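A.B. asks: I have a structure here, written as structure tokens, and I will follow up with some questions on it.
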Amino acid sequence: MAQALAEARAAAERGEVPVGAVITDPGGQVIAAAGNRTRELSDPTAHAEILAIRAACAAAGSERLPGHGLWVTLEPCPMCAAAISAARIAALYYGAEDIRMGGVAHGARVFDHPQCHHRPQVYDGIGAHEARVLLQAFFEERR
């Protein structure tokens, strides 16, 4: 989670919402890392999770990542949760909950939907305090 938090801090420095994501292979090695780039790329899908999944799939030469773990600083939104399922990621580790826009424990609860093809193991609250503080500071500066 430390590397995901570093990606989130780098995103904040770029003026992006501070969310970072890291993907590890089945052996625990980091194979992809990203922070939000929606503004930089003028792309509403350029969330940290999506960018990390794209990079990991490219590195693996596959559209699926069985046995892999995704570490993200904020509860994934419904779009990212659907991508996690589609990529067949084995485990999701996330920090802060997102009551307003989350798609895992809140809102759409994508993995609980009967049409969800793959449900990863979910571990929440990892590095939650630091992730929450980073997000709150970012938005307080902009108000």
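How things are named: the first chain in the structure tokens is A, the next is B, and so on; residues count from 1 in each chain; ligands count from 1 in the order shown.
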Among the residues of chain A, find those DSSP assigns to alpha helix (DSSP H) from the backbone and print them as a VMD selection string.
C.D. replies: chain A and resid 2 to 13 38 to 41 48 to 60 78 to 86 128 to 142
A.B. asks: Keeping only C-alpha atoms, write the selected residues to a file as an mmCIF file, in the first residue's frame.
C.D. replies:
```cif
data_model
loop_
_atom_site.group_PDB
_atom_site.id
_atom_site.type_symbol
_atom_site.label_atom_id
_atom_site.label_comp_id
_atom_site.auth_asym_id
_atom_site.auth_seq_id
_atom_site.Cartn_x
_atom_site.Cartn_y
_atom_site.Cartn_z
ATOM 1 C CA ALA A 2 2.977 2.301 0.540
ATOM 2 C CA GLN A 3 3.649 2.412 -3.199
ATOM 3 C CA ALA A 4 -0.037 3.049 -3.978
ATOM 4 C CA LEU A 5 0.015 5.961 -1.519
ATOM 5 C CA ALA A 6 3.132 7.320 -3.252
ATOM 6 C CA GLU A 7 1.254 7.146 -6.571
ATOM 7 C CA ALA A 8 -1.667 8.996 -4.941
ATOM 8 C CA ARG A 9 0.639 11.758 -3.675
ATOM 9 C CA ALA A 10 2.168 12.094 -7.151
ATOM 10 C CA ALA A 11 -1.335 12.371 -8.638
ATOM 11 C CA ALA A 12 -2.152 15.187 -6.189
ATOM 12 C CA GLU A 13 1.017 17.018 -7.229
ATOM 13 C CA THR A 38 -8.204 11.895 -15.852
ATOM 14 C CA ARG A 39 -7.377 15.598 -16.248
ATOM 15 C CA GLU A 40 -3.951 15.088 -17.800
ATOM 16 C CA LEU A 41 -5.289 12.668 -20.421
ATOM 17 C CA ALA A 48 -5.556 4.730 -11.225
ATOM 18 C CA GLU A 49 -7.036 1.220 -11.195
ATOM 19 C CA ILE A 50 -7.826 1.232 -14.925
ATOM 20 C CA LEU A 51 -4.364 2.519 -15.851
ATOM 21 C CA ALA A 52 -2.691 -0.078 -13.622
ATOM 22 C CA ILE A 53 -4.843 -2.892 -15.044
ATOM 23 C CA ARG A 54 -3.997 -1.813 -18.614
ATOM 24 C CA ALA A 55 -0.266 -1.768 -17.834
ATOM 25 C CA ALA A 56 -0.375 -5.127 -16.031
ATOM 26 C CA CYS A 57 -2.331 -6.772 -18.851
ATOM 27 C CA ALA A 58 0.126 -5.392 -21.401
ATOM 28 C CA ALA A 59 3.042 -6.743 -19.356
ATOM 29 C CA ALA A 60 1.339 -10.136 -18.995
ATOM 30 C CA PRO A 78 -18.394 0.851 -10.122
ATOM 31 C CA MET A 79 -16.440 1.259 -13.393
ATOM 32 C CA CYS A 80 -13.199 0.148 -11.763
ATOM 33 C CA ALA A 81 -14.886 -2.675 -9.858
ATOM 34 C CA ALA A 82 -16.277 -4.001 -13.158
ATOM 35 C CA ALA A 83 -12.787 -3.820 -14.700
ATOM 36 C CA ILE A 84 -11.334 -5.678 -11.701
ATOM 37 C CA SER A 85 -13.905 -8.410 -12.233
ATOM 38 C CA ALA A 86 -13.304 -8.545 -15.998
ATOM 39 C CA ALA A 128 -7.217 4.012 5.202
ATOM 40 C CA HIS A 129 -6.241 6.836 7.534
ATOM 41 C CA GLU A 130 -3.360 8.086 5.383
ATOM 42 C CA ALA A 131 -5.425 7.774 2.197
ATOM 43 C CA ARG A 132 -8.350 9.634 3.773
ATOM 44 C CA VAL A 133 -6.116 12.445 5.065
ATOM 45 C CA LEU A 134 -4.529 12.821 1.627
ATOM 46 C CA LEU A 135 -7.935 13.078 -0.061
ATOM 47 C CA GLN A 136 -9.329 15.499 2.531
ATOM 48 C CA ALA A 137 -6.298 17.795 2.259
ATOM 49 C CA PHE A 138 -6.534 17.786 -1.540
ATOM 50 C CA PHE A 139 -10.182 18.825 -1.548
ATOM 51 C CA GLU A 140 -9.793 21.355 1.280
ATOM 52 C CA GLU A 141 -7.130 23.175 -0.785
ATOM 53 C CA ARG A 142 -9.588 23.495 -3.662
#
```
A.B. asks: Could you find all residues in chain A that DSSP calls strand (DSSP E or B) from the backbone, and write them as a list in words?
C.D. replies: Gly20, Ala21, Val22, Ile23, Thr24, Val30, Ile31, Ala32, Ala33, Ala34, Gly35, Gly69, Leu70, Trp71, Val72, Thr73, Leu74, Ala91, Leu92, Tyr93, Tyr94, Gly95, Ala96, Gln121, Val122 and Tyr123 of chain A
A.B. asks: For the atom pair atom CA of A:Gly102 and atom CA of A:Gly61, what is the interatomic distance in Å to one decimal place?
C.D. replies: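 Atom CA of A:Gly102 sits 29.2 Å away from atom CA of A:Gly61.
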A.B. asks: Within 7 Å of stretch 109-126 of chain A, counting only C-alpha atoms, which residues show up once you throw out same-chain ones fewer than 2 positions away? Write them as a list of chain:residue names, please.
C.D. replies: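 In the requested format, the answer is A:Pro78, A:Ala81, A:Ala82, A:Ser85, A:Arg88, A:Ile89, A:Ala90, A:Ala91, A:Leu92, A:Tyr93, A:Tyr94, A:Gly95, A:Ala96, A:Gly103, A:Val104, A:Ala105, A:His106, A:Gly107, A:Ala128.
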